[in-house]
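**Q** Dropping in query37.cif, with mmCIF, C-alpha atoms.
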data_upload
#
loop_
_atom_site.group_PDB
_atom_site.id
_atom_site.type_symbol
_atom_site.label_atom_id
_atom_site.label_comp_id
_atom_site.auth_asym_id
_atom_site.auth_seq_id
_atom_site.Cartn_x
_atom_site.Cartn_y
_atom_site.Cartn_z
ATOM 1 C CA MET A 29 10.733 5.642 -17.197
ATOM 2 C CA LEU A 30 7.207 5.477 -18.648
ATOM 3 C CA SER A 31 6.646 9.190 -19.329
ATOM 4 C CA ALA A 32 6.940 8.649 -23.089
ATOM 5 C CA PHE A 33 3.790 6.501 -23.136
ATOM 6 C CA PRO A 34 0.353 8.180 -23.222
ATOM 7 C CA ARG A 35 -1.685 7.369 -20.117
ATOM 8 C CA ILE A 36 -4.897 8.532 -18.509
ATOM 9 C CA ASP A 37 -5.760 8.216 -14.824
ATOM 10 C CA LEU A 38 -8.368 5.530 -14.200
ATOM 11 C CA VAL A 39 -6.995 3.922 -11.022
ATOM 12 C CA GLY A 40 -7.498 7.074 -8.959
ATOM 13 C CA GLY A 41 -4.307 6.950 -6.898
ATOM 14 C CA PRO A 42 -2.473 4.132 -5.135
ATOM 15 C CA THR A 43 -4.652 1.172 -4.184
ATOM 16 C CA PRO A 44 -4.528 0.112 -0.516
ATOM 17 C CA LEU A 45 -1.740 -2.035 0.877
ATOM 18 C CA GLU A 46 -3.135 -3.773 3.957
ATOM 19 C CA PRO A 47 -1.796 -6.217 6.547
ATOM 20 C CA MET A 48 -3.810 -9.433 6.838
ATOM 21 C CA LYS A 49 -3.526 -9.659 10.603
ATOM 22 C CA ARG A 50 -6.084 -12.388 11.267
ATOM 23 C CA VAL A 51 -4.854 -14.625 8.454
ATOM 24 C CA SER A 52 -1.294 -14.072 9.662
ATOM 25 C CA GLN A 53 -2.313 -15.170 13.143
ATOM 26 C CA ALA A 54 -4.214 -18.195 11.818
ATOM 27 C CA VAL A 55 -1.331 -19.534 9.710
ATOM 28 C CA GLY A 56 1.577 -18.493 11.913
ATOM 29 C CA HIS A 57 3.179 -16.009 9.527
ATOM 30 C CA PRO A 58 3.480 -12.483 10.971
ATOM 31 C CA GLN A 59 3.980 -10.554 7.725
ATOM 32 C CA LEU A 60 1.257 -11.297 5.170
ATOM 33 C CA TRP A 61 -0.074 -8.328 3.206
ATOM 34 C CA VAL A 62 -2.565 -7.763 0.404
ATOM 35 C CA LYS A 63 -2.412 -5.168 -2.370
ATOM 36 C CA ARG A 64 -6.039 -4.241 -3.007
ATOM 37 C CA ASP A 65 -6.314 -3.796 -6.763
ATOM 38 C CA ASP A 66 -9.959 -4.730 -6.313
ATOM 39 C CA CYS A 67 -10.396 -1.276 -4.712
ATOM 40 C CA MET A 68 -10.616 1.168 -7.611
ATOM 41 C CA PRO A 69 -13.370 3.670 -8.425
ATOM 42 C CA LEU A 70 -14.010 2.396 -11.962
ATOM 43 C CA ALA A 71 -16.748 -0.255 -12.240
ATOM 44 C CA PHE A 72 -15.609 -2.565 -9.403
ATOM 45 C CA GLY A 73 -11.928 -2.186 -10.328
ATOM 46 C CA GLY A 74 -9.417 -4.921 -11.037
ATOM 47 C CA ASN A 75 -6.013 -5.395 -12.622
ATOM 48 C CA LYS A 76 -7.167 -4.570 -16.153
ATOM 49 C CA VAL A 77 -7.793 -0.953 -15.108
ATOM 50 C CA ARG A 78 -4.037 -0.447 -14.917
ATOM 51 C CA SER A 79 -3.655 -1.762 -18.468
ATOM 52 C CA LEU A 80 -6.543 0.365 -19.677
ATOM 53 C CA GLU A 81 -4.797 3.514 -18.478
ATOM 54 C CA PHE A 82 -2.220 2.891 -21.214
ATOM 55 C CA TRP A 83 -4.533 1.358 -23.820
ATOM 56 C CA ILE A 84 -7.039 4.208 -23.618
ATOM 57 C CA GLY A 85 -4.209 6.714 -23.346
ATOM 58 C CA GLU A 86 -2.796 5.458 -26.636
ATOM 59 C CA ALA A 87 -6.249 5.370 -28.245
ATOM 60 C CA LEU A 88 -6.903 9.012 -27.374
ATOM 61 C CA ALA A 89 -3.412 10.047 -28.474
ATOM 62 C CA GLN A 90 -4.086 8.420 -31.856
ATOM 63 C CA GLY A 91 -7.415 10.235 -32.229
ATOM 64 C CA SER A 92 -9.534 7.093 -31.957
ATOM 65 C CA ASP A 93 -13.266 7.556 -31.562
ATOM 66 C CA MET A 94 -14.199 4.049 -30.490
ATOM 67 C CA ILE A 95 -12.838 1.009 -28.694
ATOM 68 C CA VAL A 96 -13.145 -2.640 -29.749
ATOM 69 C CA VAL A 97 -12.576 -5.491 -27.312
ATOM 70 C CA ALA A 98 -13.268 -9.225 -27.461
ATOM 71 C CA GLY A 99 -13.621 -11.809 -24.723
ATOM 72 C CA GLY A 100 -15.802 -14.394 -23.052
ATOM 73 C CA LEU A 101 -19.084 -13.558 -21.358
ATOM 74 C CA ALA A 102 -17.383 -13.559 -17.954
ATOM 75 C CA SER A 103 -14.586 -11.218 -19.085
ATOM 76 C CA ASN A 104 -13.478 -8.582 -16.594
ATOM 77 C CA GLN A 105 -11.515 -6.890 -19.368
ATOM 78 C CA CYS A 106 -14.656 -6.360 -21.438
ATOM 79 C CA ARG A 107 -16.543 -4.910 -18.463
ATOM 80 C CA LEU A 108 -13.754 -2.519 -17.572
ATOM 81 C CA THR A 109 -13.156 -1.515 -21.189
ATOM 82 C CA ALA A 110 -16.824 -0.541 -21.465
ATOM 83 C CA ALA A 111 -16.482 1.482 -18.259
ATOM 84 C CA ALA A 112 -13.320 3.239 -19.441
ATOM 85 C CA ALA A 113 -14.962 4.041 -22.774
ATOM 86 C CA ALA A 114 -17.989 5.493 -20.997
ATOM 87 C CA LYS A 115 -15.771 7.632 -18.769
ATOM 88 C CA THR A 116 -13.722 9.002 -21.660
ATOM 89 C CA GLY A 117 -16.575 9.500 -24.132
ATOM 90 C CA LEU A 118 -15.538 6.784 -26.574
ATOM 91 C CA ASP A 119 -17.936 4.353 -28.211
ATOM 92 C CA ALA A 120 -17.360 0.708 -27.316
ATOM 93 C CA LEU A 121 -17.977 -2.457 -29.309
ATOM 94 C CA VAL A 122 -17.700 -5.642 -27.258
ATOM 95 C CA LEU A 123 -17.410 -8.949 -29.106
ATOM 96 C CA TYR A 124 -18.495 -11.824 -26.903
ATOM 97 C CA ALA A 125 -17.582 -15.428 -27.602
ATOM 98 C CA GLY A 126 -20.135 -17.960 -26.402
ATOM 99 C CA GLU A 127 -23.555 -19.285 -27.259
ATOM 100 C CA ALA A 128 -25.745 -16.581 -28.771
ATOM 101 C CA SER A 129 -28.660 -17.670 -26.598
ATOM 102 C CA ALA A 130 -26.719 -17.381 -23.319
ATOM 103 C CA PRO A 131 -28.276 -14.710 -21.084
ATOM 104 C CA LEU A 132 -26.267 -11.677 -20.032
ATOM 105 C CA ARG A 133 -25.284 -12.073 -16.401
ATOM 106 C CA GLY A 134 -22.572 -10.735 -14.111
ATOM 107 C CA ASN A 135 -19.826 -8.983 -16.051
ATOM 108 C CA ALA A 136 -21.683 -9.168 -19.367
ATOM 109 C CA LEU A 137 -24.784 -7.576 -17.855
ATOM 110 C CA LEU A 138 -22.657 -4.770 -16.420
ATOM 111 C CA THR A 139 -20.995 -4.286 -19.812
ATOM 112 C CA GLU A 140 -24.393 -3.711 -21.385
ATOM 113 C CA ARG A 141 -25.377 -1.378 -18.539
ATOM 114 C CA LEU A 142 -22.246 0.668 -19.253
ATOM 115 C CA GLY A 143 -23.531 1.459 -22.732
ATOM 116 C CA ALA A 144 -21.348 -0.778 -24.874
ATOM 117 C CA ARG A 145 -22.666 -2.212 -28.118
ATOM 118 C CA ILE A 146 -22.544 -5.990 -27.861
ATOM 119 C CA ARG A 147 -22.061 -8.454 -30.702
ATOM 120 C CA ARG A 148 -22.206 -12.225 -30.196
ATOM 121 C CA LEU A 149 -19.591 -14.306 -32.003
ATOM 122 C CA GLY A 150 -20.880 -17.764 -31.172
ATOM 123 C CA PRO A 151 -18.783 -20.538 -29.584
ATOM 124 C CA VAL A 152 -15.388 -19.598 -31.066
ATOM 125 C CA GLY A 153 -11.921 -20.201 -29.633
ATOM 126 C CA GLU A 154 -9.334 -17.617 -28.625
ATOM 127 C CA GLU A 155 -7.568 -17.536 -31.995
ATOM 128 C CA GLU A 156 -10.778 -17.141 -34.013
ATOM 129 C CA ARG A 157 -12.042 -14.522 -31.566
ATOM 130 C CA GLY A 158 -8.902 -12.481 -32.201
ATOM 131 C CA ARG A 159 -9.319 -12.793 -35.961
ATOM 132 C CA LEU A 160 -12.925 -11.628 -35.761
ATOM 133 C CA ALA A 161 -11.899 -8.674 -33.600
ATOM 134 C CA ARG A 162 -9.289 -7.583 -36.149
ATOM 135 C CA GLN A 163 -11.862 -8.025 -38.913
ATOM 136 C CA ALA A 164 -14.336 -5.819 -37.023
ATOM 137 C CA VAL A 165 -11.671 -3.125 -36.631
ATOM 138 C CA ALA A 166 -10.933 -3.216 -40.377
ATOM 139 C CA GLU A 167 -14.632 -2.969 -41.251
ATOM 140 C CA LEU A 168 -15.153 -0.043 -38.893
ATOM 141 C CA ALA A 169 -12.128 1.775 -40.311
ATOM 142 C CA ALA A 170 -13.439 1.222 -43.854
ATOM 143 C CA ALA A 171 -16.736 2.772 -42.752
ATOM 144 C CA GLY A 172 -14.977 5.931 -41.564
ATOM 145 C CA ARG A 173 -14.570 5.208 -37.852
ATOM 146 C CA ARG A 174 -11.259 5.401 -35.979
ATOM 147 C CA PRO A 175 -11.282 2.209 -33.885
ATOM 148 C CA TYR A 176 -8.677 1.067 -31.373
ATOM 149 C CA LEU A 177 -8.343 -2.625 -30.550
ATOM 150 C CA ILE A 178 -7.819 -3.336 -26.858
ATOM 151 C CA GLY A 179 -5.370 -6.029 -25.833
ATOM 152 C CA ASP A 180 -1.776 -5.326 -26.895
ATOM 153 C CA PRO A 181 0.106 -7.216 -24.155
ATOM 154 C CA LEU A 182 3.153 -4.951 -24.071
ATOM 155 C CA ARG A 183 1.192 -1.728 -23.779
ATOM 156 C CA GLY A 184 -1.067 -3.357 -21.203
ATOM 157 C CA ALA A 185 1.880 -4.644 -19.172
ATOM 158 C CA LEU A 186 3.057 -1.067 -18.617
ATOM 159 C CA GLY A 187 0.284 -0.723 -16.045
ATOM 160 C CA TYR A 188 1.993 -3.224 -13.772
ATOM 161 C CA VAL A 189 5.465 -1.878 -14.423
ATOM 162 C CA ARG A 190 4.040 1.246 -12.827
ATOM 163 C CA ALA A 191 2.336 -0.805 -10.102
ATOM 164 C CA ALA A 192 5.679 -2.301 -9.047
ATOM 165 C CA GLN A 193 6.975 1.165 -8.263
ATOM 166 C CA GLU A 194 3.735 2.050 -6.466
ATOM 167 C CA LEU A 195 3.954 -1.038 -4.269
ATOM 168 C CA ALA A 196 7.644 -0.446 -3.535
ATOM 169 C CA GLU A 197 6.922 3.112 -2.397
ATOM 170 C CA GLN A 198 4.045 1.969 -0.192
ATOM 171 C CA ALA A 199 6.133 -0.767 1.395
ATOM 172 C CA ARG A 200 8.896 1.740 2.083
ATOM 173 C CA SER A 201 6.438 4.086 3.783
ATOM 174 C CA PHE A 202 5.390 1.230 6.103
ATOM 175 C CA GLY A 203 8.992 0.264 6.806
ATOM 176 C CA LEU A 204 8.128 -3.071 5.206
ATOM 177 C CA GLU A 205 10.866 -5.167 3.597
ATOM 178 C CA LEU A 206 8.889 -7.204 1.085
ATOM 179 C CA ARG A 207 10.532 -10.360 -0.215
ATOM 180 C CA HIS A 208 7.692 -12.324 -1.837
ATOM 181 C CA ILE A 209 4.888 -11.383 -4.241
ATOM 182 C CA VAL A 210 2.014 -13.746 -5.079
ATOM 183 C CA LEU A 211 0.001 -13.222 -8.272
ATOM 184 C CA PRO A 212 -2.451 -15.398 -10.205
ATOM 185 C CA GLY A 213 -0.652 -16.777 -13.259
ATOM 186 C CA SER A 214 -2.758 -16.251 -16.379
ATOM 187 C CA MET A 215 -2.309 -14.363 -19.664
ATOM 188 C CA GLY A 216 1.005 -12.813 -18.641
ATOM 189 C CA PRO A 217 0.875 -8.982 -18.972
ATOM 190 C CA THR A 218 0.044 -8.333 -15.313
ATOM 191 C CA GLU A 219 2.669 -10.765 -14.088
ATOM 192 C CA ALA A 220 5.343 -9.784 -16.618
ATOM 193 C CA GLY A 221 4.793 -6.068 -16.052
ATOM 194 C CA MET A 222 5.309 -6.337 -12.313
ATOM 195 C CA ILE A 223 8.275 -8.702 -12.693
ATOM 196 C CA TYR A 224 9.934 -6.363 -15.212
ATOM 197 C CA GLY A 225 9.220 -3.310 -13.055
ATOM 198 C CA ALA A 226 10.683 -4.971 -9.970
ATOM 199 C CA ALA A 227 13.784 -6.073 -11.891
ATOM 200 C CA ILE A 228 14.399 -2.601 -13.315
ATOM 201 C CA LEU A 229 14.018 -1.070 -9.852
ATOM 202 C CA GLY A 230 16.374 -3.629 -8.310
ATOM 203 C CA LEU A 231 13.757 -4.911 -5.876
ATOM 204 C CA PRO A 232 14.548 -8.164 -4.030
ATOM 205 C CA TRP A 233 11.164 -9.735 -4.744
ATOM 206 C CA THR A 234 10.592 -13.387 -5.553
ATOM 207 C CA PHE A 235 7.412 -13.913 -7.568
ATOM 208 C CA HIS A 236 5.153 -16.895 -6.900
ATOM 209 C CA LEU A 237 2.563 -17.558 -9.615
ATOM 210 C CA PRO A 238 -0.048 -20.261 -9.052
ATOM 211 C CA SER A 239 -1.220 -20.860 -12.618
ATOM 212 C CA VAL A 240 -4.956 -20.546 -13.159
ATOM 213 C CA GLU A 241 -4.866 -21.198 -16.916
ATOM 214 C CA TYR A 242 -1.690 -22.577 -18.512
ATOM 215 C CA GLN A 243 0.823 -25.297 -17.801
ATOM 216 C CA ALA A 244 3.966 -23.989 -16.123
ATOM 217 C CA GLU A 245 6.315 -23.955 -19.119
ATOM 218 C CA ALA A 246 3.731 -22.299 -21.374
ATOM 219 C CA LEU A 247 3.150 -19.560 -18.801
ATOM 220 C CA ARG A 248 6.878 -19.077 -18.257
ATOM 221 C CA LEU A 249 7.378 -18.667 -22.013
ATOM 222 C CA ARG A 250 4.573 -16.081 -22.229
ATOM 223 C CA ILE A 251 6.095 -14.078 -19.384
ATOM 224 C CA GLU A 252 9.615 -14.231 -20.829
ATOM 225 C CA GLN A 253 8.334 -13.046 -24.226
ATOM 226 C CA ILE A 254 6.486 -10.105 -22.676
ATOM 227 C CA VAL A 255 9.460 -9.119 -20.504
ATOM 228 C CA ASP A 256 11.700 -9.214 -23.596
ATOM 229 C CA GLY A 257 9.149 -7.106 -25.467
ATOM 230 C CA LEU A 258 8.981 -4.597 -22.620
ATOM 231 C CA ALA A 259 12.754 -4.260 -22.657
ATOM 232 C CA ARG A 260 12.586 -3.284 -26.331
ATOM 233 C CA LEU A 261 9.557 -1.021 -25.881
ATOM 234 C CA VAL A 262 10.867 0.841 -22.831
ATOM 235 C CA GLY A 263 14.481 0.754 -23.988
ATOM 236 C CA LYS A 264 15.865 -0.736 -20.794
ATOM 237 C CA ALA A 265 16.814 -4.372 -20.302
ATOM 238 C CA PRO A 266 16.272 -6.010 -16.912
ATOM 239 C CA PRO A 267 19.334 -7.335 -15.084
ATOM 240 C CA SER A 268 20.370 -10.805 -16.203
ATOM 241 C CA GLY A 269 19.065 -13.636 -14.078
ATOM 242 C CA TRP A 270 15.662 -12.082 -13.353
ATOM 243 C CA GLN A 271 14.094 -15.466 -14.192
ATOM 244 C CA GLU A 272 15.671 -16.929 -11.055
ATOM 245 C CA ARG A 273 13.157 -14.962 -8.979
ATOM 246 C CA LEU A 274 10.181 -16.483 -10.798
ATOM 247 C CA ARG A 275 8.348 -19.482 -9.325
ATOM 248 C CA ILE A 276 5.447 -21.015 -11.279
ATOM 249 C CA ASP A 277 3.372 -23.993 -10.198
ATOM 250 C CA VAL A 278 0.187 -25.714 -11.327
ATOM 251 C CA ASP A 279 -0.822 -27.052 -7.922
ATOM 252 C CA GLN A 280 -3.953 -24.855 -7.853
ATOM 253 C CA LEU A 281 -4.995 -25.327 -11.495
ATOM 254 C CA GLY A 282 -7.332 -28.266 -10.890
ATOM 255 C CA GLU A 283 -9.461 -29.091 -13.933
ATOM 256 C CA GLY A 284 -8.528 -25.849 -15.646
ATOM 257 C CA TYR A 285 -9.422 -22.226 -16.207
ATOM 258 C CA GLY A 286 -12.691 -21.020 -14.749
ATOM 259 C CA ILE A 287 -13.282 -24.209 -12.746
ATOM 260 C CA PRO A 288 -13.117 -23.956 -8.941
ATOM 261 C CA THR A 289 -11.270 -26.452 -6.790
ATOM 262 C CA PRO A 290 -12.080 -27.511 -3.230
ATOM 263 C CA ALA A 291 -9.020 -25.521 -2.129
ATOM 264 C CA SER A 292 -10.079 -22.352 -3.981
ATOM 265 C CA LEU A 293 -13.600 -22.558 -2.546
ATOM 266 C CA LEU A 294 -12.155 -22.945 0.933
ATOM 267 C CA ALA A 295 -9.722 -20.053 0.419
ATOM 268 C CA ALA A 296 -12.514 -17.745 -0.762
ATOM 269 C CA ARG A 297 -14.513 -18.488 2.388
ATOM 270 C CA ARG A 298 -11.517 -18.333 4.690
ATOM 271 C CA PHE A 299 -10.259 -14.934 3.551
ATOM 272 C CA ALA A 300 -13.806 -13.557 3.624
ATOM 273 C CA ALA A 301 -14.349 -14.755 7.184
ATOM 274 C CA LEU A 302 -10.942 -13.662 8.480
ATOM 275 C CA GLU A 303 -10.269 -10.452 6.536
ATOM 276 C CA GLY A 304 -13.550 -9.355 4.950
ATOM 277 C CA LEU A 305 -12.079 -9.895 1.477
ATOM 278 C CA MET A 306 -14.438 -10.693 -1.374
ATOM 279 C CA ILE A 307 -12.680 -13.175 -3.666
ATOM 280 C CA GLU A 308 -14.213 -14.839 -6.705
ATOM 281 C CA GLN A 309 -13.767 -18.594 -6.607
ATOM 282 C CA THR A 310 -12.145 -19.697 -9.868
ATOM 283 C CA TYR A 311 -9.240 -17.311 -10.484
ATOM 284 C CA VAL A 312 -8.223 -15.024 -7.618
ATOM 285 C CA ALA A 313 -9.100 -17.635 -4.983
ATOM 286 C CA LYS A 314 -6.589 -20.037 -6.541
ATOM 287 C CA ALA A 315 -3.858 -17.467 -5.909
ATOM 288 C CA PHE A 316 -4.979 -17.021 -2.303
ATOM 289 C CA SER A 317 -5.039 -20.798 -1.890
ATOM 290 C CA GLY A 318 -1.520 -20.852 -3.298
ATOM 291 C CA LEU A 319 -0.409 -18.296 -0.716
ATOM 292 C CA LEU A 320 -1.603 -20.576 2.078
ATOM 293 C CA ASP A 321 0.319 -23.486 0.556
ATOM 294 C CA TYR A 322 3.504 -21.434 0.196
ATOM 295 C CA VAL A 323 3.356 -20.489 3.862
ATOM 296 C CA GLU A 324 2.627 -24.060 4.950
ATOM 297 C CA THR A 325 5.480 -25.532 2.905
ATOM 298 C CA GLN A 326 7.896 -22.709 3.817
ATOM 299 C CA ALA A 327 8.262 -21.701 0.160
ATOM 300 C CA ILE A 328 7.586 -18.340 1.790
ATOM 301 C CA PRO A 329 9.601 -18.440 5.036
ATOM 302 C CA ARG A 330 7.900 -17.136 8.146
ATOM 303 C CA ASP A 331 10.530 -14.448 8.685
ATOM 304 C CA GLU A 332 10.112 -12.914 5.192
ATOM 305 C CA ALA A 333 7.279 -10.530 4.323
ATOM 306 C CA ALA A 334 4.899 -11.475 1.509
ATOM 307 C CA CYS A 335 2.234 -9.579 -0.421
ATOM 308 C CA ILE A 336 -0.521 -11.046 -2.575
ATOM 309 C CA ILE A 337 -2.059 -8.939 -5.332
ATOM 310 C CA HIS A 338 -5.866 -9.038 -5.276
ATOM 311 C CA THR A 339 -6.552 -8.598 -8.993
ATOM 312 C CA GLY A 340 -10.310 -8.063 -8.680
ATOM 313 C CA GLY A 341 -13.019 -9.894 -10.594
ATOM 314 C CA THR A 342 -15.550 -9.159 -7.852
ATOM 315 C CA PRO A 343 -18.686 -9.136 -10.085
ATOM 316 C CA SER A 344 -18.108 -12.813 -10.896
ATOM 317 C CA LEU A 345 -19.082 -13.614 -7.306
ATOM 318 C CA PHE A 346 -22.701 -12.828 -8.094
ATOM 319 C CA GLU A 347 -22.772 -15.621 -10.671
ATOM 320 C CA GLN A 348 -20.899 -18.179 -8.618
ATOM 321 C CA GLY A 349 -23.239 -18.522 -5.661
#
Any chance you could put this one into structure tokens?
**A**
Amino acid sequence: MLSAFPRIDLVGGPTPLEPMKRVSQAVGHPQLWVKRDDCMPLAFGGNKVRSLEFWIGEALAQGSDMIVVAGGLASNQCRLTAAAAAKTGLDALVLYAGEASAPLRGNALLTERLGARIRRLGPVGEEERGRLARQAVAELAAAGRRPYLIGDPLRGALGYVRAAQELAEQARSFGLELRHIVLPGSMGPTEAGMIYGAAILGLPWTFHLPSVEYQAEALRLRIEQIVDGLARLVGKAPPSGWQERLRIDVDQLGEGYGIPTPASLLAARRFAALEGLMIEQTYVAKAFSGLLDYVETQAIPRDEAACIIHTGGTPSLFEQG
């Protein structure tokens, strides 16, 4: 289905699918699993590696000689883009929003270590950051470079279309009848890619997205737009009614993106103590906290298997204390 799209291997094979036996025992649900997308060989891994397989694949197919990416100082995407560029021999320009005087820590420090050229944009918003990134690409092209701008949501979502098939095959090999998937709800490509992939494959998965960034209707709209775009890009529409398997809530959002909640802090500690999972506290931990709520409220019934996707972000732990 995706063979027409250039892709390079950065994930390094299927990521582990593991039972969470001690958590299952603690909460009284016998079939809780975790898909370990934090376990990849490239620079601490994470969900953006799957997107980068297609972004970098397209860049190389187009003959690009450098990569441009923009984000905040804590951006996992910027860190992993720098790593992918280093691995494939491309130059990388990383445009960081935020105070110019802010020290490089965590992800930003790793980005520098990976050899990327860093430019500070100052305290700009998401829209202005995107404009400045496009401007940088135009200036580089005018100077004779062949830059590729990272971030197209449709191309990036292909990584999780592929991940849906990977997870389905793993579950089948375990004799596991998955019914529920939990993902952090954020920008949309990861979520939409997996939802589209599952729909195309006819998988009976209900998706639960605790939002970590947007209000529910805004996130739903983003996902629907990306799924529609994927249908046009891939040339295959999902079955009608796929939206009925999508559950979005804002119960874990708290004060907003990047801000921990008491529940997310507790979830990070609980899953570390029970399963040895390292979970950063402001994004992934909100999804794990959501999983606990879904089990408690029976939104995920105890006789139906569930899998949460650990989307990575591990380096952020070293800033969070």
**Q** Take CA of Val122 (chain A) and CA of Gly91 (chain A) and report the distance between them in Å, one decimal.
**A**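 Separation of CA of Val122 (chain A) and CA of Gly91 (chain A): 19.6 Å.
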**Q** For Ile95 (chain A), which residue among A:Ala295, A:Val39, A:Leu70, A:Ile146 is the nearest when counting all atoms listed in the file?
**A**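 Closest to Ile95 (chain A) of all the choices is A:Ile146.
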**Q** Could you jot down the CA of Gly221 (chain A) to CA of Gly184 (chain A) separation for me, Å, one decimal place?
**A**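 CA of Gly221 (chain A) sits 8.3 Å away from CA of Gly184 (chain A).
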**Q** Contacts of Ile228 (chain A) at 10 Å or less, counting all atoms listed in the file, minus same-chain residues fewer than 5 places along, as a PDB file with C-alpha atoms, in the frame of the given file?
**A**
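See result_35.pdb below for the written result:
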ATOM      1  CA  MET A  29      10.733   5.642 -17.197  1.00  0.00           C
ATOM      2  CA  VAL A 189       5.465  -1.878 -14.423  1.00  0.00           C
ATOM      3  CA  ALA A 192       5.679  -2.301  -9.047  1.00  0.00           C
ATOM      4  CA  GLN A 193       6.975   1.165  -8.263  1.00  0.00           C
ATOM      5  CA  MET A 222       5.309  -6.337 -12.313  1.00  0.00           C
ATOM      6  CA  ILE A 223       8.275  -8.702 -12.693  1.00  0.00           C
ATOM      7  CA  ALA A 259      12.754  -4.260 -22.657  1.00  0.00           C
ATOM      8  CA  LYS A 264      15.865  -0.736 -20.794  1.00  0.00           C
ATOM      9  CA  ALA A 265      16.814  -4.372 -20.302  1.00  0.00           C
ATOM     10  CA  PRO A 266      16.272  -6.010 -16.912  1.00  0.00           C
ATOM     11  CA  PRO A 267      19.334  -7.335 -15.084  1.00  0.00           C
ATOM     12  CA  TRP A 270      15.662 -12.082 -13.353  1.00  0.00           C
TER      13      TRP A 270
END
**Q** When the PyMOL selection byres ((chain A and resi 124) around 8) is applied to the file above, which residues end up in the set, as an NGL selection string?
**A** :A and (98-101 or 122-123 or 125-126 or 146-150)
**Q** Contacts of Ile251 (chain A) at 10 Å or less, counting all atoms listed in the file, minus same-chain residues fewer than 3 places along, as a list in words?
**A**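 Non-adjacent residues within range: Gly213, Ser214, Met215, Gly216, Pro217, Thr218, Glu219, Ala220, Gly221, Ile223, Tyr224, Glu245, Ala246, Leu247, Arg248, Ile254, Val255, Asp256, Gly257, Gln271 and Leu274 of chain A.
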**Q** Could you write those residues out with C-alpha atoms, as a PDB file, in the frame of the given file?
**A**
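Final file, out-v2.pdb:
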ATOM      1  CA  GLY A 213      -0.652 -16.777 -13.259  1.00  0.00           C
ATOM      2  CA  SER A 214      -2.758 -16.251 -16.379  1.00  0.00           C
ATOM      3  CA  MET A 215      -2.309 -14.363 -19.664  1.00  0.00           C
ATOM      4  CA  GLY A 216       1.005 -12.813 -18.641  1.00  0.00           C
ATOM      5  CA  PRO A 217       0.875  -8.982 -18.972  1.00  0.00           C
ATOM      6  CA  THR A 218       0.044  -8.333 -15.313  1.00  0.00           C
ATOM      7  CA  GLU A 219       2.669 -10.765 -14.088  1.00  0.00           C
ATOM      8  CA  ALA A 220       5.343  -9.784 -16.618  1.00  0.00           C
ATOM      9  CA  GLY A 221       4.793  -6.068 -16.052  1.00  0.00           C
ATOM     10  CA  ILE A 223       8.275  -8.702 -12.693  1.00  0.00           C
ATOM     11  CA  TYR A 224       9.934  -6.363 -15.212  1.00  0.00           C
ATOM     12  CA  GLU A 245       6.315 -23.955 -19.119  1.00  0.00           C
ATOM     13  CA  ALA A 246       3.731 -22.299 -21.374  1.00  0.00           C
ATOM     14  CA  LEU A 247       3.150 -19.560 -18.801  1.00  0.00           C
ATOM     15  CA  ARG A 248       6.878 -19.077 -18.257  1.00  0.00           C
ATOM     16  CA  ILE A 254       6.486 -10.105 -22.676  1.00  0.00           C
ATOM     17  CA  VAL A 255       9.460  -9.119 -20.504  1.00  0.00           C
ATOM     18  CA  ASP A 256      11.700  -9.214 -23.596  1.00  0.00           C
ATOM     19  CA  GLY A 257       9.149  -7.106 -25.467  1.00  0.00           C
ATOM     20  CA  GLN A 271      14.094 -15.466 -14.192  1.00  0.00           C
ATOM     21  CA  LEU A 274      10.181 -16.483 -10.798  1.00  0.00           C
TER      22      LEU A 274
END
**Q** Which value, in Å to one decimal, gives the distance between CA of Tyr242 (chain A) and CA of Leu38 (chain A)?
**A**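 According to the coordinates, CA of Tyr242 (chain A) and CA of Leu38 (chain A) are separated by 29.2 Å.
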**Q** Using all atoms listed in the file, tabulate the residues of region 71-99 of chain A lying at most 10 Å from any atom of region 108-114 of chain A, each with its closest atom pair and that distance in Å to one decimal, by chain and increasing residue number, as CSV.
**A**
residue,atom,partner,partner_atom,distance
A:Ala71,CA,A:Ala111,CA,6.3
A:Phe72,CA,A:Leu108,CA,8.4
A:Gly73,CA,A:Leu108,CA,7.5
A:Gly74,CA,A:Leu108,CA,8.2
A:Asn75,CA,A:Leu108,CA,9.6
A:Lys76,CA,A:Leu108,CA,7.0
A:Val77,CA,A:Leu108,CA,6.6
A:Ser79,CA,A:Thr109,CA,9.9
A:Leu80,CA,A:Thr109,CA,7.0
A:Glu81,CA,A:Ala112,CA,8.6
A:Trp83,CA,A:Thr109,CA,9.5
A:Ile84,CA,A:Ala112,CA,7.6
A:Asp93,CA,A:Ala113,CA,9.6
A:Met94,CA,A:Ala113,CA,7.8
A:Ile95,CA,A:Ala113,CA,7.0
A:Val96,CA,A:Thr109,CA,8.6
A:Val97,CA,A:Thr109,CA,7.3
A:Ala98,CA,A:Thr109,CA,9.9
**Q** So, with only C-alpha atoms as the atoms that count, which of A:Gln348, A:Ser92, A:Gly143, A:Gly263 lies closest to Gly172 (chain A)?
**A**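 For Gly172 (chain A), the nearest of the given residues is A:Ser92.
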**Q** Have a look at A:Ala296, A:Leu258, A:Cys67, A:Ala315 and name the one nearest to Gly40 (chain A); count all atoms listed in the file.
**A**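 For Gly40 (chain A), the nearest of the given residues is A:Cys67.
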**Q** Edge lengths and centre, in Å to one decimal, as lines of an AutoDock Vina configuration file: that's what I need for the box along x, y and z that holds all listed atoms of region 242-245 of chain A plus 4 Å on each side.
**A**
center_x = 2.3
center_y = -23.9
center_z = -17.6
size_x = 16.0
size_y = 10.7
size_z = 11.0
